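Reviewing the structure listed below.
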Amino acid sequence: MIYFDNSATTKPYPAVLDTFVKVAGQFFGNPSSVHHLGLQSEKLLSQAREQIASLLRVDPEEVIFTSGGTEGNNFVLKGVAHLYKNRGNHIITTSIEHPSVQNVCKQLEAEGFHITYLPVDENGQIRLSELKRALTDETILVSIMHVNNEVGAIQPIKEIGQLLSTYPKVFFHVDHVQGVGKVPLDFHESNVDFATISSHKFHGLKGTGAIYKRKGIKLKPLLAGGGQEKDFRSGTENVAGIVAMAKALRLTMSDFERKQNTLFEIRDYLMNELSKINGVLINTPNIAAPHIVNFSVEGYKAEVLVHEIEKEQLYVSTTSACSSKTDEPSQTILAMGLGESRASSSIRLSLSYANTMDEAKEAVQIIKQAIENLKPVMRR
Amino acid sequence: MIYDEILVRYGEISTKGKNRKLFIDKLKSNVHYVLKDFPNVKIRAQRDRMYIKLHGEDMDEISKRLKKVFGIQSFSPVMRVNKDIETIKEKSAQLMKKLDASGKTFKVQAKRVDKEYPYRTNDLNQILGGHLLKTIEDLKVDVHNPDFELKVEVRKDAAYLTCEVIKGAGGLPVGSGGKAMLMLSGGIDSPVAGFLAMRRGLQIEGVHFYSPPFTSERSKQKVIDLSEKMAQVSGKFTLHIVHFTELQQAIIQHVPENYTMTIMRRMMMRITDEIRKRRNGLAIVNGENIGQVASQTLESMYAINEVTNTPVLRPLLTYDKNDIIDLARDFDTLEISNRPYEDCCTIFVPAQPKTKPRRDKVHLYETNFDWEPLIQQAVDQIETVEITSKTGKKEENEFADLF
């Protein structure tokens, strides 16, 4: 089996699963309980927080655990919008965000907020000048993803942060779900106020994630309840999942150190070889993350191709897993101006540090063959 | 990795005459302790400066740790570069760029230790200043009050560039002034008192009174975590945990309620003094602050202090609470201290403690019971924990494989 759908989700590392099973079984106490079992769980929780904070180069108090990327994005956007609405009602985001940002913005729009969706160029990047032009006295939040989940485009977060640092009223949120462990980002250096990460995108388990919230900033909680996470996120902590996330992040970061070049080599190989196939167009821009290759095969329906490829045990996606069920064209590719036909025939290969060059070589053959097999039935 | 070594400037040590060597040795060993998990680091202490050779170790982490070491006035990361003028020019610009010098003012101060070097001091100043003005946007010269002072020292082996001056924690090296026992409850004040005492060179050991089941394991953990913070100053910290339950219960049973607090403090002072004797300490430090609570009125201090003639140092005596909170934030102990667990000072607080206890009454009530065996027992059963800044939370090691 070749698994090239790591931006949808990753396979948990065996060591991470071991941790999860052990913590869930042995340290099941509620961290809020006053007895020894509770204390054990609390210690695990705080050690996990310290480890994650130090890997992300932030302070432990700046880490709030959540259930994942969707909650994190909802939390920050709604939390800022609702708490600071007296300061203004304008939010800026991009036209290529994940649905968990885009659809929250739609909800906020219905509540009366004014949203600006910045366009992107053919490289999938926003222009700083356009962001600057969009900022008004009413702007309270700018939410921009670091690495795009569909094509791997990278936004100039540091430059954006630098620009926004001169607008003290504007908070800056970064959806870092696809970037973490793949494209480094220093939140403090980049003047980021909030960032979202999700464990299952870096070989942890589903149902755990975190947001980074810069020290001292207030945020309205999404959930009311027992006041866990310093009142920011109520609900009994998923201790096992959180400890597993701390381990997954450590292992991923150490893979990043050792294997980032390999990942780039594999990606470049895939881009090169795929572009040689007749009818294949690469959608991933030149400046992009090392783990995503997006391409379109003109005239081919993406879903059919995914299934044909799947016969050979190669697992890939049509656009992003989250929106692929609805059979809609890729928002990102449309926004990049590459046209409707490319947007509706796009295939995404997404890698992790567990993938190898041999797999990439085999994958290229499988894809070639699949395109060949379908040629008679796909009208060109 | 752009930096090669760190130049450390001493604080008040410089004025300490004959004791100077002792102070410097102490500082060196504290720095050594704090950096002991960086095996490649080499420390060379001279009369007026200390040099820490990094040999590729992580500058940021080392800098973070050095900021907490008392006895350091300031320190500067140093870049060691090849002596040819082009390299020096290029590296100076690189250094200034890293410091975001654009829009700021600067001056160059060159020093030519190697007198065979073809450029004189003034030539160097001009060449480098000119180069920086050309390469860095919007940079201006200000020789009197510059934002950045680029120091260039040309020695035999290489040229050394420094620019950034990082403020140290000041004070005197921990351990240069003798040993004292710190009464450490877990509240906001006592750790701050400990830090201030350490800043004046004292070596501090903590004494914590632990009363299970009236105080929880978490309150003990809180004190261990505070100790870990204190250990960051010199690399290690000794904590004595006194099991206080029985004595405390006896006090509740045998002393009129409004005097329990006064007599409990006297017992704590006696036990701390006994530990001090065994550990060869010369003083007791606590977080008392005049007038803050019932036990800290002048009358209370008079009644409590009677049990010993060992000097009782109260670094916070005259501070306002808000200033203490600010200090706690600086020393990074506030968050731990704010954890809401009962400690030895907050349990059994009488409804109306005496704010003006009288010595004669205290003496009378203390004859109600033979305290000596319980005091001895408490002293004999002390649990002593050595806490190092690296492995402060020893229980956590049991979880190591989970992370």
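Note on naming: chains are A, B, ... as they come in the structure tokens, residues start from 1 per chain, ligands start from 1 in the order shown.
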I'd like the neighbourhood of Phe264 of chain A as an MDAnalysis selection string, where a residue qualifies if any of its atoms comes within 9 Å (using only C-alpha atoms), though same-chain residues fewer than 6 positions away should be ignored. chainID A and resid 289:291
Please identify every residue of chain A that has at least one atom no farther than 7 Å from an atom of chain B, counting only C-alpha atoms, and for each give the shortest atom pair and the distance in Å to one decimal, arranged by chain then increasing number, as a tab-separated table.
residue	atom	partner	partner_atom	distance
A:Thr19	CA	B:Leu402	CA	5.2
A:Leu39	CA	B:Arg218	CA	6.9
A:Val243	CA	B:Phe403	CA	6.8
A:Ala246	CA	B:Phe403	CA	6.5
A:Lys247	CA	B:Phe403	CA	4.8
Would you write out those residues with C-alpha atoms, as an mmCIF file, in the first residue's frame?
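Dumped everything to selection-v5.cif:
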data_model
loop_
_atom_site.group_PDB
_atom_site.id
_atom_site.type_symbol
_atom_site.label_atom_id
_atom_site.label_comp_id
_atom_site.auth_asym_id
_atom_site.auth_seq_id
_atom_site.Cartn_x
_atom_site.Cartn_y
_atom_site.Cartn_z
ATOM 1 C CA THR A 19 1.463 6.171 24.571
ATOM 2 C CA LEU A 39 -2.723 14.650 40.270
ATOM 3 C CA VAL A 243 0.097 13.234 25.692
ATOM 4 C CA ALA A 246 3.054 15.816 22.516
ATOM 5 C CA LYS A 247 4.896 12.674 21.468
#
Quick one: everything within 8 Å of segment 360-377 of chain B, counting only C-alpha atoms, minus sequence neighbours fewer than 2 positions away in the same chain. Send it as a compact mmCIF listing (two decimals) with N, CA and C atoms, in the first residue's frame.
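The resulting file, part-v8.txt, is reproduced below:
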# COMPACT_ATOMS: atom_id res chain seq x y z
N GLU B 246 1.08 16.20 62.91
CA GLU B 246 0.82 15.89 64.31
C GLU B 246 0.99 17.10 65.20
N LEU B 247 2.04 17.84 64.94
CA LEU B 247 2.30 19.02 65.75
C LEU B 247 1.17 20.04 65.57
N HIS B 254 -4.56 22.04 72.03
CA HIS B 254 -4.09 22.48 73.33
C HIS B 254 -3.93 23.99 73.50
N VAL B 255 -4.23 24.75 72.44
CA VAL B 255 -4.02 26.19 72.54
C VAL B 255 -5.34 26.90 72.23
N PRO B 256 -5.70 27.95 72.98
CA PRO B 256 -6.92 28.71 72.67
C PRO B 256 -6.88 29.19 71.23
N TYR B 259 -4.88 32.11 69.67
CA TYR B 259 -3.41 32.06 69.77
C TYR B 259 -2.77 30.94 68.95
N THR B 262 -0.19 32.17 66.27
CA THR B 262 1.06 32.66 66.82
C THR B 262 1.95 31.49 67.25
N ILE B 263 1.33 30.55 67.95
CA ILE B 263 2.15 29.44 68.48
C ILE B 263 2.60 28.52 67.35
N MET B 267 6.44 27.40 66.47
CA MET B 267 6.91 26.03 66.25
C MET B 267 7.67 25.92 64.91
N ILE B 271 11.57 24.76 64.45
CA ILE B 271 11.99 23.64 63.59
C ILE B 271 12.96 24.13 62.51
N ALA B 303 6.46 38.51 69.13
CA ALA B 303 6.10 37.30 69.87
C ALA B 303 6.69 36.05 69.23
N PRO B 357 -0.55 39.67 69.66
CA PRO B 357 -0.33 38.62 70.68
C PRO B 357 0.65 39.12 71.75
N ARG B 358 0.48 38.61 72.98
CA ARG B 358 1.38 39.02 74.05
C ARG B 358 2.29 37.87 74.44
N VAL B 379 11.62 17.09 63.19
CA VAL B 379 12.96 17.35 62.67
C VAL B 379 13.61 16.05 62.18
N ASP B 380 13.40 14.97 62.95
CA ASP B 380 14.02 13.70 62.57
C ASP B 380 13.44 13.11 61.29
N GLN B 381 12.17 13.44 61.04
CA GLN B 381 11.53 12.80 59.88
C GLN B 381 11.54 13.67 58.63
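Interatomic distance, atom CA of Phe106 of chain B to atom CA of Phe148 of chain B: 4.6 Å.
Straight-line separation from atom CA of Met145 of chain A to atom CA of Val174 of chain A: 5.1 Å.
If only C-alpha atoms are the atoms counted, then among A:Met271, A:Ala244, A:Ile309, A:Ile217 the closest residue to Val192 of chain A is A:Ile217.
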Excluding Lys111 of chain B and residues on its chain fewer than 3 positions from it, collect all residues at most 9 Å away from it, counting only C-alpha atoms, and give them as number ranges by chain. B: 114, 120-122, 124, 151-155
Of the candidates A:Ser352, A:Gln107, A:Asn73, A:Ser129, which shows the shortest atom-to-atom distance to Phe256 of chain A, using only C-alpha atoms? A:Ser352
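For the set B:Ser92, B:Arg199, B:Asp189, B:Lys115, the residue with the smallest atom-to-atom gap to Asp326 of chain B is B:Asp189, counting only C-alpha atoms.
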Within 8 Å of Ser176 of chain B, counting only C-alpha atoms, which residues qualify if same-chain residues fewer than 6 places away don't, as a ChimeraX atom specification? /B:22-23,26,201-203
For the selection you just gave me, I'd like the residues written to a file as a short mmCIF file (atom, residue, chain, number, x, y, z; two decimals), in the first residue's frame, keeping C-alpha atoms.
data_model
loop_
_atom_site.label_atom_id
_atom_site.label_comp_id
_atom_site.auth_asym_id
_atom_site.auth_seq_id
_atom_site.Cartn_x
_atom_site.Cartn_y
_atom_site.Cartn_z
CA LEU B 22 36.10 33.71 45.64
CA PHE B 23 33.24 35.56 43.96
CA LYS B 26 31.50 30.94 42.71
CA GLY B 201 24.78 36.09 47.25
CA LEU B 202 23.16 33.87 49.86
CA GLN B 203 22.89 30.17 49.31
#
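Near Glu138 of chain A, within 7 Å and counting only C-alpha atoms, sit Arg87, Gly88, Asn89 and His90 of chain A; same-chain residues fewer than 4 positions away were not included.
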Compile the contact shell of Met245 of chain A as number ranges by chain: residues with an atom at most 9 Å away, counting only C-alpha atoms, same-chain residues fewer than 3 positions apart removed. A: 16, 20, 48, 52, 198-200, 202-205, 208-209, 240-242, 248-250
Go ahead and save the picked residues with C-alpha atoms, as a PDB file, in the first residue's frame.
ATOM      1  CA  VAL A  16       2.181   7.402  19.673  1.00  0.00           C
ATOM      2  CA  PHE A  20      -2.231   6.661  23.996  1.00  0.00           C
ATOM      3  CA  ALA A  48       2.523  17.612  27.579  1.00  0.00           C
ATOM      4  CA  ILE A  52       4.379  21.134  22.942  1.00  0.00           C
ATOM      5  CA  SER A 198      -4.369  19.511  14.821  1.00  0.00           C
ATOM      6  CA  SER A 199      -2.760  16.305  16.048  1.00  0.00           C
ATOM      7  CA  HIS A 200      -3.936  13.869  13.390  1.00  0.00           C
ATOM      8  CA  PHE A 202       1.219  14.882  12.258  1.00  0.00           C
ATOM      9  CA  HIS A 203       0.758  11.232  13.181  1.00  0.00           C
ATOM     10  CA  GLY A 204      -1.223  11.831  16.366  1.00  0.00           C
ATOM     11  CA  LEU A 205      -4.822  10.883  16.924  1.00  0.00           C
ATOM     12  CA  THR A 208      -6.954  16.409  19.687  1.00  0.00           C
ATOM     13  CA  GLY A 209      -5.468  19.703  18.741  1.00  0.00           C
ATOM     14  CA  ALA A 240      -4.297  10.377  26.571  1.00  0.00           C
ATOM     15  CA  GLY A 241      -4.835  12.169  23.271  1.00  0.00           C
ATOM     16  CA  ILE A 242      -2.916  15.206  24.464  1.00  0.00           C
ATOM     17  CA  ALA A 248       3.700  12.882  17.869  1.00  0.00           C
ATOM     18  CA  LEU A 249       4.883  16.468  17.626  1.00  0.00           C
ATOM     19  CA  ARG A 250       8.299  15.611  19.060  1.00  0.00           C
TER      20      ARG A 250
END
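Relative to atom CA of Ser143 of chain A, atom CA of Ser234 of chain A is found at 23.9 Å.
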